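Coordinates from start.csv are shown below (CSV, N, CA and C atoms).
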chain,number,residue,atom,x,y,z
A,1,MET,N,0.8,-1.2,0.0
A,1,MET,CA,0.0,0.0,0.0
A,1,MET,C,0.9,1.2,0.0
A,2,SER,N,0.6,2.2,-0.9
A,2,SER,CA,1.4,3.4,-1.0
A,2,SER,C,0.9,4.5,-0.1
A,3,PRO,N,1.7,5.3,0.4
A,3,PRO,CA,1.3,6.4,1.3
A,3,PRO,C,0.4,7.4,0.6
A,4,GLN,N,-0.6,7.9,1.3
A,4,GLN,CA,-1.5,8.8,0.7
A,4,GLN,C,-1.0,10.2,1.0
A,5,ARG,N,-1.2,11.1,0.1
A,5,ARG,CA,-0.8,12.5,0.3
A,5,ARG,C,-2.0,13.4,0.2
A,6,ALA,N,-1.9,14.4,1.0
A,6,ALA,CA,-3.0,15.4,0.9
A,6,ALA,C,-2.3,16.8,1.1
A,7,ARG,N,-3.0,17.8,0.4
A,7,ARG,CA,-2.5,19.1,0.6
A,7,ARG,C,-3.6,19.9,1.3
A,8,LEU,N,-3.2,20.8,2.1
A,8,LEU,CA,-4.1,21.6,2.9
A,8,LEU,C,-3.7,23.1,2.7
A,9,HIS,N,-4.6,23.8,2.2
A,9,HIS,CA,-4.4,25.3,2.0
A,9,HIS,C,-5.2,26.0,3.1
A,10,TRP,N,-4.5,26.6,4.0
A,10,TRP,CA,-5.1,27.3,5.1
A,10,TRP,C,-5.3,28.8,4.8
A,11,HIS,N,-6.5,29.2,4.8
A,11,HIS,CA,-6.8,30.6,4.6
A,11,HIS,C,-7.3,31.2,5.9
A,12,GLY,N,-6.5,31.2,6.9
A,12,GLY,CA,-6.9,31.6,8.2
A,12,GLY,C,-7.3,33.0,8.3
A,13,GLN,N,-6.6,34.0,7.6
A,13,GLN,CA,-7.0,35.4,7.7
A,13,GLN,C,-8.3,35.6,7.0
A,14,ALA,N,-8.5,35.0,5.8
A,14,ALA,CA,-9.8,35.1,5.1
A,14,ALA,C,-10.9,34.6,5.9
A,15,ALA,N,-10.7,33.4,6.6
A,15,ALA,CA,-11.7,32.8,7.4
A,15,ALA,C,-12.1,33.8,8.6
A,16,THR,N,-11.0,34.3,9.2
A,16,THR,CA,-11.2,35.2,10.4
A,16,THR,C,-12.0,36.5,9.9
A,17,ASP,N,-11.6,37.0,8.8
A,17,ASP,CA,-12.3,38.2,8.3
A,17,ASP,C,-13.8,37.9,8.0
A,18,ALA,N,-14.0,36.8,7.4
A,18,ALA,CA,-15.4,36.4,7.0
A,18,ALA,C,-16.3,36.2,8.3
A,19,ILE,N,-15.7,35.6,9.3
A,19,ILE,CA,-16.4,35.4,10.6
A,19,ILE,C,-16.7,36.8,11.3
A,20,ARG,N,-15.7,37.7,11.3
A,20,ARG,CA,-15.9,39.0,11.8
A,20,ARG,C,-17.0,39.8,11.1
A,21,GLN,N,-17.0,39.7,9.8
A,21,GLN,CA,-18.0,40.4,9.0
A,21,GLN,C,-19.4,39.8,9.3
A,22,ALA,N,-19.5,38.5,9.4
A,22,ALA,CA,-20.7,37.8,9.7
A,22,ALA,C,-21.2,38.2,11.1
A,23,ALA,N,-20.3,38.2,12.1
A,23,ALA,CA,-20.6,38.6,13.4
A,23,ALA,C,-21.2,40.0,13.5
A,24,ALA,N,-20.6,40.9,12.7
A,24,ALA,CA,-21.1,42.3,12.6
A,24,ALA,C,-22.5,42.3,12.0
A,25,ARG,N,-22.7,41.6,11.0
A,25,ARG,CA,-24.1,41.5,10.4
A,25,ARG,C,-25.1,40.9,11.4
A,26,GLY,N,-24.7,39.9,12.1
A,26,GLY,CA,-25.5,39.3,13.1
A,26,GLY,C,-25.8,40.3,14.3
A,27,LEU,N,-24.8,41.1,14.7
A,27,LEU,CA,-25.0,42.1,15.7
A,27,LEU,C,-26.0,43.1,15.3
A,28,LEU,N,-25.9,43.6,14.0
A,28,LEU,CA,-26.9,44.6,13.5
A,28,LEU,C,-28.3,44.0,13.5
A,29,LEU,N,-28.4,42.8,13.0
A,29,LEU,CA,-29.7,42.1,13.0
A,29,LEU,C,-30.3,42.0,14.4
A,30,ALA,N,-29.4,41.6,15.4
A,30,ALA,CA,-29.8,41.5,16.8
A,30,ALA,C,-30.2,42.8,17.4
A,31,ALA,N,-29.4,43.9,17.1
A,31,ALA,CA,-29.8,45.2,17.6
A,31,ALA,C,-31.1,45.7,17.0
A,32,GLU,N,-31.3,45.5,15.7
A,32,GLU,CA,-32.6,45.9,15.1
A,32,GLU,C,-33.8,45.1,15.7
A,33,HIS,N,-33.5,43.8,16.0
A,33,HIS,CA,-34.6,43.0,16.7
A,33,HIS,C,-34.9,43.5,18.1
A,34,THR,N,-33.9,43.9,18.8
A,34,THR,CA,-34.1,44.5,20.1
A,34,THR,C,-34.8,45.8,20.0
A,35,LEU,N,-34.4,46.6,19.1
A,35,LEU,CA,-35.0,47.9,18.9
A,35,LEU,C,-36.5,47.7,18.6
A,36,ALA,N,-36.8,46.8,17.7
A,36,ALA,CA,-38.3,46.6,17.3
A,36,ALA,C,-39.1,46.1,18.6
A,37,ALA,N,-38.5,45.3,19.4
A,37,ALA,CA,-39.2,44.8,20.6
A,37,ALA,C,-39.4,46.0,21.6
A,38,SER,N,-38.3,46.8,21.7
A,38,SER,CA,-38.5,47.9,22.7
A,38,SER,C,-39.5,49.0,22.2
A,39,ARG,N,-39.6,49.1,20.9
A,39,ARG,CA,-40.5,50.1,20.3
A,39,ARG,C,-42.0,49.7,20.7
A,40,GLN,N,-42.2,48.5,21.0
A,40,GLN,CA,-43.5,48.0,21.4
A,40,GLN,C,-43.9,48.5,22.8
A,41,ARG,N,-42.9,49.0,23.6
A,41,ARG,CA,-43.1,49.4,24.9
A,41,ARG,C,-42.8,50.8,25.2
A,42,VAL,N,-42.2,51.5,24.2
A,42,VAL,CA,-41.9,52.9,24.4
A,42,VAL,C,-43.1,53.7,24.7
A,43,PRO,N,-43.1,54.5,25.8
A,43,PRO,CA,-44.3,55.4,26.0
A,43,PRO,C,-44.5,56.3,24.8
A,44,ILE,N,-45.8,56.5,24.5
A,44,ILE,CA,-46.1,57.3,23.3
A,44,ILE,C,-46.9,58.5,23.7
A,45,ASN,N,-46.5,59.7,23.4
A,45,ASN,CA,-47.3,60.9,23.5
A,45,ASN,C,-47.6,61.4,22.1
A,46,GLU,N,-46.5,61.8,21.4
A,46,GLU,CA,-46.6,62.2,20.0
A,46,GLU,C,-45.8,61.2,19.1
A,47,GLY,N,-45.1,60.3,19.6
A,47,GLY,CA,-44.3,59.3,18.8
A,47,GLY,C,-42.9,59.7,18.5
A,48,THR,N,-42.5,60.9,19.0
A,48,THR,CA,-41.1,61.4,18.8
A,48,THR,C,-40.1,60.4,19.4
A,49,LEU,N,-40.3,60.0,20.6
A,49,LEU,CA,-39.4,59.1,21.3
A,49,LEU,C,-39.2,57.8,20.5
A,50,GLU,N,-40.4,57.2,20.2
A,50,GLU,CA,-40.3,56.0,19.4
A,50,GLU,C,-39.5,56.1,18.1
A,51,ARG,N,-39.8,57.2,17.4
A,51,ARG,CA,-39.1,57.4,16.1
A,51,ARG,C,-37.6,57.7,16.3
A,52,SER,N,-37.2,58.1,17.4
A,52,SER,CA,-35.8,58.4,17.6
A,52,SER,C,-34.9,57.2,17.9
A,53,GLY,N,-35.5,56.0,18.0
A,53,GLY,CA,-34.8,54.8,18.3
A,53,GLY,C,-33.9,54.4,17.1
A,54,ALA,N,-32.7,53.9,17.4
A,54,ALA,CA,-31.7,53.5,16.4
A,54,ALA,C,-30.9,52.3,16.9
A,55,ALA,N,-30.5,51.5,15.9
A,55,ALA,CA,-29.6,50.4,16.2
A,55,ALA,C,-28.3,50.7,15.5
A,56,SER,N,-27.2,50.4,16.1
A,56,SER,CA,-25.9,50.7,15.5
A,56,SER,C,-24.9,49.6,15.9
A,57,VAL,N,-23.8,49.4,15.1
A,57,VAL,CA,-22.8,48.4,15.3
A,57,VAL,C,-21.4,49.1,15.2
A,58,ASP,N,-20.5,48.8,16.1
A,58,ASP,CA,-19.1,49.1,15.9
A,58,ASP,C,-18.4,47.9,15.5
A,59,GLU,N,-18.2,47.8,14.2
A,59,GLU,CA,-17.6,46.6,13.6
A,59,GLU,C,-16.2,46.3,14.1
A,60,GLN,N,-15.4,47.4,14.4
A,60,GLN,CA,-14.1,47.2,14.9
A,60,GLN,C,-14.1,46.4,16.2
A,61,ASN,N,-15.0,46.8,17.1
A,61,ASN,CA,-15.0,46.2,18.5
A,61,ASN,C,-16.1,45.1,18.6
A,62,LEU,N,-16.8,44.9,17.5
A,62,LEU,CA,-17.9,44.0,17.5
A,62,LEU,C,-18.9,44.2,18.7
A,63,THR,N,-19.4,45.4,18.8
A,63,THR,CA,-20.4,45.7,19.8
A,63,THR,C,-21.5,46.4,19.1
A,64,ALA,N,-22.7,46.2,19.7
A,64,ALA,CA,-23.9,46.8,19.1
A,64,ALA,C,-24.6,47.7,20.2
A,65,ALA,N,-25.4,48.6,19.7
A,65,ALA,CA,-26.1,49.5,20.6
A,65,ALA,C,-27.5,49.8,20.1
A,66,VAL,N,-28.4,49.9,21.0
A,66,VAL,CA,-29.7,50.4,20.7
A,66,VAL,C,-29.9,51.6,21.6
A,67,SER,N,-30.3,52.7,20.9
A,67,SER,CA,-30.5,54.0,21.6
A,67,SER,C,-31.7,54.7,21.2
A,68,TYR,N,-32.1,55.6,22.1
A,68,TYR,CA,-33.2,56.6,21.8
A,68,TYR,C,-32.6,58.0,22.0
A,69,ASP,N,-32.8,58.8,21.0
A,69,ASP,CA,-32.1,60.1,21.0
A,69,ASP,C,-33.1,61.3,21.1
A,70,THR,N,-33.6,61.5,22.3
A,70,THR,CA,-34.4,62.7,22.6
A,70,THR,C,-33.9,63.2,23.9
A,71,PRO,N,-34.0,64.5,24.2
A,71,PRO,CA,-33.5,65.0,25.5
A,71,PRO,C,-34.2,64.4,26.7
A,72,TYR,N,-35.3,63.8,26.5
A,72,TYR,CA,-36.0,63.2,27.7
A,72,TYR,C,-36.0,61.7,27.7
A,73,ALA,N,-35.3,61.0,26.8
A,73,ALA,CA,-35.3,59.6,26.6
A,73,ALA,C,-34.9,58.9,27.9
A,74,VAL,N,-33.9,59.3,28.6
A,74,VAL,CA,-33.4,58.7,29.8
A,74,VAL,C,-34.4,58.9,30.9
A,75,ARG,N,-34.9,60.1,31.0
A,75,ARG,CA,-35.9,60.4,32.1
A,75,ARG,C,-37.1,59.5,32.0
A,76,VAL,N,-37.6,59.4,30.7
A,76,VAL,CA,-38.8,58.6,30.5
A,76,VAL,C,-38.5,57.1,30.8
A,77,HIS,N,-37.3,56.7,30.4
A,77,HIS,CA,-36.9,55.3,30.7
A,77,HIS,C,-36.8,55.0,32.1
A,78,GLU,N,-36.3,55.9,32.9
A,78,GLU,CA,-36.0,55.6,34.3
A,78,GLU,C,-37.2,56.0,35.3
A,79,ASP,N,-38.1,56.8,34.9
A,79,ASP,CA,-39.2,57.2,35.8
A,79,ASP,C,-40.2,56.1,36.0
A,80,MET,N,-40.1,55.4,37.0
A,80,MET,CA,-41.0,54.3,37.3
A,80,MET,C,-42.4,54.8,37.9
A,81,THR,N,-42.5,56.1,38.2
A,81,THR,CA,-43.7,56.6,38.8
A,81,THR,C,-44.6,57.2,37.7
A,82,ALA,N,-44.2,57.4,36.5
A,82,ALA,CA,-45.0,58.0,35.4
A,82,ALA,C,-46.0,57.0,35.0
A,83,ARG,N,-47.2,57.5,34.5
A,83,ARG,CA,-48.3,56.7,34.0
A,83,ARG,C,-48.2,56.7,32.5
A,84,HIS,N,-48.4,55.6,31.9
A,84,HIS,CA,-48.3,55.4,30.4
A,84,HIS,C,-49.6,54.7,29.9
A,85,LEU,N,-49.7,54.7,28.6
A,85,LEU,CA,-50.8,54.0,28.0
A,85,LEU,C,-50.6,52.5,28.2
A,86,PRO,N,-51.7,51.7,28.1
A,86,PRO,CA,-51.5,50.3,28.3
A,86,PRO,C,-50.5,49.7,27.4
A,87,GLY,N,-49.6,48.8,27.9
A,87,GLY,CA,-48.6,48.2,27.1
A,87,GLY,C,-47.3,49.0,27.0
A,88,ARG,N,-47.4,50.2,27.4
A,88,ARG,CA,-46.2,51.1,27.3
A,88,ARG,C,-45.7,51.3,28.8
A,89,ARG,N,-44.4,51.5,28.9
A,89,ARG,CA,-43.9,51.5,30.3
A,89,ARG,C,-42.5,52.1,30.3
A,90,ALA,N,-42.1,52.5,31.6
A,90,ALA,CA,-40.7,52.8,31.8
A,90,ALA,C,-39.8,51.6,31.6
A,91,LYS,N,-38.6,51.8,31.5
A,91,LYS,CA,-37.6,50.6,31.3
A,91,LYS,C,-38.0,49.9,30.0
A,92,TYR,N,-38.4,50.7,29.0
A,92,TYR,CA,-38.9,50.1,27.7
A,92,TYR,C,-37.7,49.4,27.0
A,93,LEU,N,-36.5,49.8,27.2
A,93,LEU,CA,-35.4,49.1,26.6
A,93,LEU,C,-34.8,48.0,27.5
A,94,GLU,N,-34.6,48.4,28.7
A,94,GLU,CA,-34.0,47.4,29.6
A,94,GLU,C,-34.8,46.2,29.8
A,95,SER,N,-36.1,46.3,29.8
A,95,SER,CA,-37.0,45.2,30.1
A,95,SER,C,-37.1,44.2,29.0
A,96,VAL,N,-36.8,44.6,27.8
A,96,VAL,CA,-36.8,43.6,26.7
A,96,VAL,C,-35.6,42.8,26.6
A,97,LEU,N,-34.5,43.2,27.1
A,97,LEU,CA,-33.2,42.5,26.9
A,97,LEU,C,-33.3,41.1,27.4
A,98,PRO,N,-33.8,40.7,28.6
A,98,PRO,CA,-33.8,39.3,29.0
A,98,PRO,C,-34.7,38.5,28.0
A,99,GLU,N,-35.8,39.1,27.5
A,99,GLU,CA,-36.7,38.4,26.7
A,99,GLU,C,-36.2,38.1,25.3
A,100,VAL,N,-35.3,39.0,24.8
A,100,VAL,CA,-34.8,38.8,23.4
A,100,VAL,C,-33.4,38.1,23.4
A,101,ALA,N,-32.8,37.8,24.6
A,101,ALA,CA,-31.4,37.3,24.6
A,101,ALA,C,-31.2,36.1,23.8
A,102,ASP,N,-32.1,35.1,23.8
A,102,ASP,CA,-32.0,33.9,23.0
A,102,ASP,C,-32.1,34.2,21.5
A,103,ASP,N,-33.0,35.1,21.2
A,103,ASP,CA,-33.1,35.5,19.8
A,103,ASP,C,-31.8,36.2,19.3
A,104,VAL,N,-31.2,37.1,20.1
A,104,VAL,CA,-30.0,37.8,19.8
A,104,VAL,C,-28.9,36.8,19.5
A,105,GLN,N,-28.7,35.8,20.4
A,105,GLN,CA,-27.7,34.8,20.2
A,105,GLN,C,-27.9,34.0,18.9
A,106,ALA,N,-29.1,33.7,18.7
A,106,ALA,CA,-29.5,32.9,17.5
A,106,ALA,C,-29.2,33.7,16.2
A,107,LEU,N,-29.5,34.9,16.2
A,107,LEU,CA,-29.3,35.8,15.0
A,107,LEU,C,-27.8,35.9,14.7
A,108,ILE,N,-27.0,36.1,15.7
A,108,ILE,CA,-25.6,36.2,15.5
A,108,ILE,C,-25.0,34.9,15.1
A,109,ALA,N,-25.4,33.8,15.7
A,109,ALA,CA,-24.9,32.5,15.4
A,109,ALA,C,-25.2,32.1,14.0
A,110,ALA,N,-26.4,32.4,13.5
A,110,ALA,CA,-26.9,32.0,12.2
A,110,ALA,C,-26.0,32.7,11.2
A,111,GLN,N,-25.6,34.0,11.4
A,111,GLN,CA,-24.8,34.7,10.4
A,111,GLN,C,-23.4,34.1,10.4
A,112,VAL,N,-22.9,33.7,11.5
A,112,VAL,CA,-21.5,33.1,11.6
A,112,VAL,C,-21.5,31.8,10.9
A,113,ARG,N,-22.6,31.0,11.2
A,113,ARG,CA,-22.7,29.6,10.5
A,113,ARG,C,-22.7,29.8,9.0
A,114,ARG,N,-23.5,30.8,8.5
A,114,ARG,CA,-23.7,31.0,7.1
A,114,ARG,C,-22.3,31.4,6.5
A,115,ALA,N,-21.5,32.1,7.2
A,115,ALA,CA,-20.2,32.5,6.7
A,115,ALA,C,-19.2,31.3,6.6
A,116,LEU,N,-19.4,30.3,7.4
A,116,LEU,CA,-18.5,29.2,7.5
A,116,LEU,C,-18.9,28.1,6.5
A,117,ARG,N,-20.0,28.3,5.8
A,117,ARG,CA,-20.4,27.2,4.8
A,117,ARG,C,-19.4,27.1,3.7
Structure rendered as structure tokens:
Amino acid sequence: MSPQRARLHWHGQAATDAIRQAAARGLLLAAEHTLAASRQRVPINEGTLERSGAASVDEQNLTAAVSYDTPYAVRVHEDMTARHLPGRRAKYLESVLPEVADDVQALIAAQVRRALR
């Protein structure tokens, strides 16, 4: 029996780059999912606060953020004594995080798996 030969070409940097890009895509999808869930709870008066919501990703550090950009966003988020319409509440962003955590992980993982095909 003759020895078998095999060649392996390792494209480590290309694989690493593809995984990072996929993770960034997954982070954006996850942030957008979190934003959509929090918009269902944002207190509404005129809708300005809800419309100010945004999802962003820092691809260099692989971090994502969901933010609301009005002068009163933090006050509305933190004021547990304020009264809101049914289904709307303080902690509109913080309260959805535990609920969407599994979805967030799945969205990121799916993008990474897709990149590794």
Check: Which parts of chain A does DSSP call helix (DSSP H, G or I) when run on the backbone here, written out as a PyMOL selection string?
Finding: chain A and resi 12-39+48-51+73-78+94-115
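With CA of Leu28 in chain A on one side and CA of Val57 in chain A on the other, the separation reads 5.9 Å.
Taking CA of Lys91 in chain A and CA of Val104 in chain A as endpoints, the distance between them is 18.8 Å.
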Notebook entry, point to check: Out of A:Glu94, A:Glu46, A:Asp58, A:Asp103, which residue has the shortest atom-to-atom distance to His33 in chain A when counting all atoms listed in the file?
Noted result: A:Asp103
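When CA of Thr63 in chain A is paired with CA of Ala24 in chain A, their separation reads 8.0 Å.
Minimum atom-to-atom distance to Ala30 in chain A, evaluated using only C-alpha atoms, belongs to A:Gln111 out of A:Gln111, A:Thr70, A:Asn45, A:Ser52.
Look at range 66-69 of chain A: the protein and nucleic acid residues within 8 Å of it, using all atoms listed in the file and passing over chain neighbours fewer than 3 places away, are Ala31, Glu32, Thr34, Leu35, Thr48, Leu49, Glu50, Arg51, Ser52, Gly53, Ala54, Ala55, Ser56, Val57, Thr63, Tyr72, Ala73, Val74 and Leu93 of chain A.
Looking only at range 5-110 of chain A, the set that DSSP places in strand (DSSP E or B) from backbone geometry is Gly53, Ala54, Ala55, Ser56, Val57, Asp58, Thr63, Ala64, Ala65, Val66, Ser67 and Tyr68 of chain A.
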Mind writing the picked residues with N, CA and C atoms as a PDB file, keeping the file's coordinate frame?
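Result file is out12.pdb:
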ATOM      1  N   GLY A  53     -35.500  56.000  18.000  1.00  0.00           N
ATOM      2  CA  GLY A  53     -34.800  54.800  18.300  1.00  0.00           C
ATOM      3  C   GLY A  53     -33.900  54.400  17.100  1.00  0.00           C
ATOM      4  N   ALA A  54     -32.700  53.900  17.400  1.00  0.00           N
ATOM      5  CA  ALA A  54     -31.700  53.500  16.400  1.00  0.00           C
ATOM      6  C   ALA A  54     -30.900  52.300  16.900  1.00  0.00           C
ATOM      7  N   ALA A  55     -30.500  51.500  15.900  1.00  0.00           N
ATOM      8  CA  ALA A  55     -29.600  50.400  16.200  1.00  0.00           C
ATOM      9  C   ALA A  55     -28.300  50.700  15.500  1.00  0.00           C
ATOM     10  N   SER A  56     -27.200  50.400  16.100  1.00  0.00           N
ATOM     11  CA  SER A  56     -25.900  50.700  15.500  1.00  0.00           C
ATOM     12  C   SER A  56     -24.900  49.600  15.900  1.00  0.00           C
ATOM     13  N   VAL A  57     -23.800  49.400  15.100  1.00  0.00           N
ATOM     14  CA  VAL A  57     -22.800  48.400  15.300  1.00  0.00           C
ATOM     15  C   VAL A  57     -21.400  49.100  15.200  1.00  0.00           C
ATOM     16  N   ASP A  58     -20.500  48.800  16.100  1.00  0.00           N
ATOM     17  CA  ASP A  58     -19.100  49.100  15.900  1.00  0.00           C
ATOM     18  C   ASP A  58     -18.400  47.900  15.500  1.00  0.00           C
ATOM     19  N   THR A  63     -19.400  45.400  18.800  1.00  0.00           N
ATOM     20  CA  THR A  63     -20.400  45.700  19.800  1.00  0.00           C
ATOM     21  C   THR A  63     -21.500  46.400  19.100  1.00  0.00           C
ATOM     22  N   ALA A  64     -22.700  46.200  19.700  1.00  0.00           N
ATOM     23  CA  ALA A  64     -23.900  46.800  19.100  1.00  0.00           C
ATOM     24  C   ALA A  64     -24.600  47.700  20.200  1.00  0.00           C
ATOM     25  N   ALA A  65     -25.400  48.600  19.700  1.00  0.00           N
ATOM     26  CA  ALA A  65     -26.100  49.500  20.600  1.00  0.00           C
ATOM     27  C   ALA A  65     -27.500  49.800  20.100  1.00  0.00           C
ATOM     28  N   VAL A  66     -28.400  49.900  21.000  1.00  0.00           N
ATOM     29  CA  VAL A  66     -29.700  50.400  20.700  1.00  0.00           C
ATOM     30  C   VAL A  66     -29.900  51.600  21.600  1.00  0.00           C
ATOM     31  N   SER A  67     -30.300  52.700  20.900  1.00  0.00           N
ATOM     32  CA  SER A  67     -30.500  54.000  21.600  1.00  0.00           C
ATOM     33  C   SER A  67     -31.700  54.700  21.200  1.00  0.00           C
ATOM     34  N   TYR A  68     -32.100  55.600  22.100  1.00  0.00           N
ATOM     35  CA  TYR A  68     -33.200  56.600  21.800  1.00  0.00           C
ATOM     36  C   TYR A  68     -32.600  58.000  22.000  1.00  0.00           C
TER      37      TYR A  68
END
Note to self: Could you check the closest approach to Leu85 in chain A for each of A:Arg114, A:Ile44, A:Glu99, A:Gln60 and tell me which residue wins, using all atoms listed in the file?
What the structure shows: A:Ile44
Using only C-alpha atoms, what does the table of range 26-74 of chain A residues within 10 Å of range 1-22 of chain A look like, with each row giving the shortest atom pair and its distance in Å to one decimal, sorted by chain and ascending number, as a tab-separated table?
residue	atom	partner	partner_atom	distance
A:Gly26	CA	A:Ala22	CA	6.1
A:Leu27	CA	A:Ala22	CA	8.5
A:Leu28	CA	A:Ala22	CA	10.0
A:Glu59	CA	A:Gln21	CA	7.7
A:Gln60	CA	A:Arg20	CA	8.9
A:Asn61	CA	A:Arg20	CA	9.9
A:Leu62	CA	A:Arg20	CA	7.8
Next item on the list: Skip Ala37 in chain A itself and residues of its chain fewer than 5 positions away, then list as an MDAnalysis selection string all residues within 7 Å of it, counting all atoms listed in the file.
Entry: chainID A and resid 32 42 92 96
Limited to N, CA and C atoms, could you put the picked residues into a file as a PDB file, in the frame of the given file?
ATOM      1  N   GLU A  32     -31.300  45.500  15.700  1.00  0.00           N
ATOM      2  CA  GLU A  32     -32.600  45.900  15.100  1.00  0.00           C
ATOM      3  C   GLU A  32     -33.800  45.100  15.700  1.00  0.00           C
ATOM      4  N   VAL A  42     -42.200  51.500  24.200  1.00  0.00           N
ATOM      5  CA  VAL A  42     -41.900  52.900  24.400  1.00  0.00           C
ATOM      6  C   VAL A  42     -43.100  53.700  24.700  1.00  0.00           C
ATOM      7  N   TYR A  92     -38.400  50.700  29.000  1.00  0.00           N
ATOM      8  CA  TYR A  92     -38.900  50.100  27.700  1.00  0.00           C
ATOM      9  C   TYR A  92     -37.700  49.400  27.000  1.00  0.00           C
ATOM     10  N   VAL A  96     -36.800  44.600  27.800  1.00  0.00           N
ATOM     11  CA  VAL A  96     -36.800  43.600  26.700  1.00  0.00           C
ATOM     12  C   VAL A  96     -35.600  42.800  26.600  1.00  0.00           C
TER      13      VAL A  96
END
